[in-house]
$ cat data22.txt   # compact mmCIF, N, CA and C atoms
# COMPACT_ATOMS: atom_id res chain seq x y z
N MET A 211 8.60 -29.47 14.19
CA MET A 211 8.07 -28.12 14.29
C MET A 211 6.93 -28.13 15.31
N ASN A 212 7.13 -27.45 16.42
CA ASN A 212 6.11 -27.32 17.45
C ASN A 212 5.44 -25.95 17.32
N PRO A 213 4.12 -25.91 17.24
CA PRO A 213 3.46 -24.62 17.10
C PRO A 213 3.36 -23.87 18.43
N LEU A 214 3.22 -22.58 18.33
CA LEU A 214 2.82 -21.75 19.46
C LEU A 214 1.31 -21.93 19.56
N VAL A 215 0.81 -22.37 20.73
CA VAL A 215 -0.61 -22.69 20.88
C VAL A 215 -1.24 -21.72 21.87
N LEU A 216 -2.35 -21.13 21.45
CA LEU A 216 -3.16 -20.26 22.31
C LEU A 216 -4.54 -20.88 22.42
N GLU A 217 -4.99 -21.11 23.64
CA GLU A 217 -6.32 -21.68 23.86
C GLU A 217 -7.09 -20.76 24.78
N GLY A 218 -8.37 -20.59 24.48
CA GLY A 218 -9.18 -19.74 25.34
C GLY A 218 -10.58 -19.59 24.80
N ALA A 219 -11.25 -18.54 25.27
CA ALA A 219 -12.61 -18.22 24.84
C ALA A 219 -12.55 -16.99 23.94
N TYR A 220 -13.24 -17.05 22.82
CA TYR A 220 -13.26 -15.96 21.86
C TYR A 220 -13.92 -14.73 22.48
N GLN A 221 -13.25 -13.58 22.35
CA GLN A 221 -13.71 -12.34 22.96
C GLN A 221 -14.25 -11.33 21.94
N GLY A 222 -14.45 -11.75 20.69
CA GLY A 222 -15.01 -10.85 19.69
C GLY A 222 -14.01 -9.93 19.03
N LYS A 223 -12.72 -10.21 19.16
CA LYS A 223 -11.68 -9.37 18.57
C LYS A 223 -10.65 -10.22 17.83
N ASN A 224 -9.91 -9.57 16.95
CA ASN A 224 -8.84 -10.24 16.20
C ASN A 224 -7.54 -10.22 17.00
N LEU A 225 -6.63 -11.10 16.63
CA LEU A 225 -5.30 -11.12 17.23
C LEU A 225 -4.30 -10.49 16.27
N TYR A 226 -3.30 -9.85 16.84
CA TYR A 226 -2.23 -9.24 16.06
C TYR A 226 -0.92 -9.88 16.45
N VAL A 227 -0.11 -10.23 15.44
CA VAL A 227 1.11 -10.99 15.67
C VAL A 227 2.30 -10.26 15.05
N GLN A 228 3.35 -10.12 15.85
CA GLN A 228 4.62 -9.60 15.36
C GLN A 228 5.41 -10.80 14.85
N ASN A 229 5.94 -10.69 13.64
CA ASN A 229 6.53 -11.81 12.94
C ASN A 229 7.98 -11.49 12.56
N PRO A 230 8.95 -11.89 13.37
CA PRO A 230 10.34 -11.53 13.07
C PRO A 230 10.88 -12.22 11.81
N MET A 231 11.84 -11.58 11.21
CA MET A 231 12.55 -12.14 10.06
C MET A 231 13.79 -12.89 10.60
N THR A 232 14.04 -14.06 10.05
CA THR A 232 15.24 -14.80 10.40
C THR A 232 16.11 -14.90 9.15
N GLU A 233 17.26 -15.48 9.29
CA GLU A 233 18.12 -15.65 8.10
C GLU A 233 17.51 -16.62 7.09
N ASN A 234 16.53 -17.41 7.55
CA ASN A 234 15.85 -18.37 6.67
C ASN A 234 14.52 -17.86 6.13
N GLY A 235 14.12 -16.67 6.52
CA GLY A 235 12.84 -16.10 6.07
C GLY A 235 11.99 -15.67 7.25
N TRP A 236 10.73 -15.35 6.98
CA TRP A 236 9.82 -14.94 8.04
C TRP A 236 9.60 -16.08 9.02
N CYS A 237 9.40 -15.75 10.27
CA CYS A 237 9.28 -16.73 11.35
C CYS A 237 8.06 -17.65 11.17
N THR A 238 6.88 -17.05 10.98
CA THR A 238 5.64 -17.83 10.88
C THR A 238 5.57 -18.57 9.55
N LEU A 239 5.16 -19.83 9.62
CA LEU A 239 4.98 -20.64 8.42
C LEU A 239 3.51 -20.67 8.00
N TYR A 240 2.59 -20.89 8.96
CA TYR A 240 1.16 -20.84 8.70
C TYR A 240 0.41 -20.83 10.02
N VAL A 241 -0.90 -20.54 9.96
CA VAL A 241 -1.72 -20.40 11.17
C VAL A 241 -2.99 -21.22 11.02
N GLU A 242 -3.33 -21.95 12.09
CA GLU A 242 -4.59 -22.71 12.16
C GLU A 242 -5.46 -22.16 13.28
N VAL A 243 -6.75 -22.12 13.05
CA VAL A 243 -7.73 -21.80 14.09
C VAL A 243 -8.74 -22.93 14.12
N ASN A 244 -8.87 -23.55 15.28
CA ASN A 244 -9.79 -24.68 15.48
C ASN A 244 -9.61 -25.74 14.40
N GLY A 245 -8.35 -26.03 14.07
CA GLY A 245 -8.02 -27.10 13.13
C GLY A 245 -8.08 -26.73 11.67
N VAL A 246 -8.39 -25.48 11.34
CA VAL A 246 -8.49 -25.04 9.95
C VAL A 246 -7.38 -24.05 9.66
N THR A 247 -6.62 -24.29 8.58
CA THR A 247 -5.59 -23.35 8.18
C THR A 247 -6.26 -22.09 7.64
N ILE A 248 -5.99 -20.94 8.30
CA ILE A 248 -6.61 -19.69 7.86
C ILE A 248 -5.61 -18.73 7.22
N LEU A 249 -4.33 -18.90 7.52
CA LEU A 249 -3.28 -18.10 6.90
C LEU A 249 -2.19 -19.04 6.42
N ASP A 250 -1.86 -18.97 5.13
CA ASP A 250 -0.82 -19.84 4.60
C ASP A 250 0.51 -19.09 4.54
N SER A 251 1.53 -19.74 4.03
CA SER A 251 2.88 -19.18 4.03
C SER A 251 2.99 -17.87 3.27
N LEU A 252 2.19 -17.67 2.23
CA LEU A 252 2.24 -16.41 1.48
C LEU A 252 1.60 -15.26 2.25
N GLU A 253 0.58 -15.55 3.04
CA GLU A 253 -0.15 -14.51 3.75
C GLU A 253 0.57 -13.99 5.00
N VAL A 254 1.58 -14.70 5.47
CA VAL A 254 2.29 -14.30 6.69
C VAL A 254 3.72 -13.81 6.40
N GLN A 255 3.99 -13.50 5.15
CA GLN A 255 5.32 -13.00 4.79
C GLN A 255 5.40 -11.50 4.97
N LYS A 256 5.34 -11.07 6.23
CA LYS A 256 5.42 -9.66 6.58
C LYS A 256 5.78 -9.54 8.06
N ALA A 257 6.16 -8.34 8.47
CA ALA A 257 6.65 -8.11 9.84
C ALA A 257 5.56 -8.26 10.90
N ALA A 258 4.31 -8.06 10.51
CA ALA A 258 3.18 -8.23 11.42
C ALA A 258 1.96 -8.64 10.60
N TYR A 259 1.07 -9.39 11.22
CA TYR A 259 -0.15 -9.80 10.54
C TYR A 259 -1.28 -9.93 11.54
N GLU A 260 -2.49 -10.00 11.01
CA GLU A 260 -3.70 -10.09 11.82
C GLU A 260 -4.33 -11.48 11.64
N ILE A 261 -4.73 -12.08 12.74
CA ILE A 261 -5.51 -13.32 12.69
C ILE A 261 -6.97 -12.89 12.80
N ASP A 262 -7.69 -12.98 11.68
CA ASP A 262 -9.05 -12.47 11.58
C ASP A 262 -10.05 -13.47 12.15
N LEU A 263 -10.31 -13.35 13.44
CA LEU A 263 -11.27 -14.23 14.10
C LEU A 263 -12.70 -13.73 13.92
N ILE A 264 -12.85 -12.42 13.70
CA ILE A 264 -14.19 -11.82 13.56
C ILE A 264 -14.95 -12.44 12.40
N SER A 265 -14.26 -12.70 11.29
CA SER A 265 -14.94 -13.23 10.10
C SER A 265 -15.21 -14.73 10.18
N MET A 266 -14.69 -15.38 11.22
CA MET A 266 -14.94 -16.82 11.37
C MET A 266 -16.25 -17.04 12.12
N ASP A 267 -16.79 -18.21 11.98
CA ASP A 267 -18.07 -18.54 12.63
C ASP A 267 -17.80 -19.09 14.03
N ILE A 268 -17.33 -18.20 14.92
CA ILE A 268 -17.05 -18.58 16.30
C ILE A 268 -17.97 -17.77 17.20
N GLU A 269 -18.72 -18.44 18.05
CA GLU A 269 -19.60 -17.73 18.98
C GLU A 269 -18.76 -17.00 20.02
N GLU A 270 -19.22 -15.82 20.42
CA GLU A 270 -18.52 -15.09 21.47
C GLU A 270 -18.48 -15.95 22.73
N HIS A 271 -17.33 -16.02 23.33
CA HIS A 271 -17.00 -16.85 24.49
C HIS A 271 -16.92 -18.34 24.14
N GLY A 272 -16.98 -18.65 22.85
CA GLY A 272 -16.81 -20.03 22.40
C GLY A 272 -15.35 -20.42 22.44
N ALA A 273 -15.10 -21.70 22.50
CA ALA A 273 -13.73 -22.21 22.57
C ALA A 273 -12.97 -21.92 21.27
N VAL A 274 -11.73 -21.50 21.42
CA VAL A 274 -10.88 -21.26 20.26
C VAL A 274 -9.47 -21.76 20.57
N ILE A 275 -8.91 -22.47 19.58
CA ILE A 275 -7.53 -22.95 19.67
C ILE A 275 -6.80 -22.42 18.45
N ILE A 276 -5.79 -21.61 18.70
CA ILE A 276 -4.99 -21.02 17.63
C ILE A 276 -3.61 -21.64 17.68
N LYS A 277 -3.16 -22.14 16.54
CA LYS A 277 -1.82 -22.72 16.43
C LYS A 277 -1.04 -21.93 15.39
N ILE A 278 0.06 -21.34 15.84
CA ILE A 278 0.93 -20.58 14.95
C ILE A 278 2.18 -21.43 14.71
N TYR A 279 2.27 -22.00 13.52
CA TYR A 279 3.42 -22.84 13.17
C TYR A 279 4.55 -21.92 12.72
N HIS A 280 5.73 -22.15 13.28
CA HIS A 280 6.85 -21.25 13.04
C HIS A 280 8.15 -22.02 12.89
N ARG A 281 9.15 -21.34 12.40
CA ARG A 281 10.48 -21.93 12.27
C ARG A 281 11.03 -22.23 13.66
N ASP A 282 11.93 -23.21 13.75
CA ASP A 282 12.48 -23.62 15.03
C ASP A 282 13.40 -22.59 15.66
N ASP A 283 13.94 -21.67 14.86
CA ASP A 283 14.92 -20.72 15.39
C ASP A 283 14.34 -19.37 15.79
N CYS A 284 13.00 -19.28 15.94
CA CYS A 284 12.36 -18.01 16.29
C CYS A 284 10.99 -18.26 16.90
N PHE A 285 10.41 -17.18 17.43
CA PHE A 285 9.05 -17.24 17.97
C PHE A 285 8.30 -15.98 17.57
N PRO A 286 7.11 -16.13 16.97
CA PRO A 286 6.27 -14.97 16.73
C PRO A 286 5.73 -14.47 18.07
N LYS A 287 5.37 -13.20 18.14
CA LYS A 287 4.87 -12.62 19.38
C LYS A 287 3.45 -12.11 19.17
N VAL A 288 2.50 -12.66 19.93
CA VAL A 288 1.11 -12.20 19.88
C VAL A 288 1.04 -10.92 20.71
N LEU A 289 0.62 -9.84 20.06
CA LEU A 289 0.64 -8.53 20.71
C LEU A 289 -0.54 -8.28 21.64
N ASN A 290 -1.64 -8.99 21.45
CA ASN A 290 -2.82 -8.82 22.31
C ASN A 290 -3.40 -10.18 22.72
N PRO A 291 -2.65 -11.02 23.43
CA PRO A 291 -3.11 -12.38 23.74
C PRO A 291 -4.35 -12.42 24.64
N GLU A 292 -4.69 -11.33 25.30
CA GLU A 292 -5.83 -11.32 26.20
C GLU A 292 -7.16 -11.42 25.47
N VAL A 293 -7.19 -11.25 24.15
CA VAL A 293 -8.47 -11.25 23.45
C VAL A 293 -8.91 -12.64 22.98
N HIS A 294 -8.14 -13.66 23.16
CA HIS A 294 -8.57 -15.00 22.72
C HIS A 294 -9.18 -15.77 23.88
$ encode --input "data22.txt" --output "structure tokens"
Amino acid sequence: MNPLVLEGAYQGKNLYVQNPMTENGWCTLYVEVNGVTILDSLEVQKAAYEIDLISMDIEEHGAVIIKIYHRDDCFPKVLNPEVH
């Protein structure tokens, strides 16, 4: 399982992700930000979800690495990738 990886500088906003359904279930399995799991498998069982970066202790323009672990047969789509 290879994650979708987004690296950049935090811009003070949250990310929104479109999460397709596959025949095996929702695409996203879990989400990590800077090495910490912030959304588990129960929290991403929906068509779209928010990665709440605002509530995390990340300085504006600080480094952020987001890893979205997903099933091999699909890809989640980050709707506003410019904000990370």
$ closest_residue --input "data22.txt" --among "A:Met231, A:Leu216, A:Val254, A:Cys237" --to "A:Asp282" --atoms "all atoms listed in the file"
A:Cys237
$ atom_distance --input "data22.txt" --atom1 "atom CA of A:Leu252" --atom2 "atom CA of A:Phe285"
17.9 Å
$ residues_near_point --input "data22.txt" --point "(3.9, -19.5, 8.9)" --cutoff "6 Å" --atoms "only N, CA and C atoms" --output "PyMOL selection string"
chain A and resi 237-241+250-251+254+279-280
$ closest_residue --input "data22.txt" --among "A:Lys277, A:Ser265, A:His271, A:Val288" --to "A:Gln221" --atoms "all atoms listed in the file"
A:His271
$ residues_around --input "data22.txt" --residues "A:Tyr220" --least-positions-apart "2" --cutoff "7 Å" --atoms "all atoms listed in the file" --output "count of residues only"
12
$ atom_distance --input "data22.txt" --atom1 "atom CA of A:Pro286" --atom2 "atom C of A:Val215"
11.3 Å
$ atom_distance --input "data22.txt" --atom1 "atom CA of A:Gln255" --atom2 "atom CA of A:Trp236"
5.9 Å
$ select_by_dssp --input "data22.txt" --residues "chain A" --states "strand (DSSP E or B)" --output "ChimeraX atom specification"
/A:214-219,225-228,231-232,235-236,238-243,246-249,258-261,273-280,287-288
$ closest_residue --input "data22.txt" --among "A:Ile264, A:Leu289, A:Cys284, A:Ala257" --to "A:Asn229" --atoms "only N, CA and C atoms"
A:Ala257
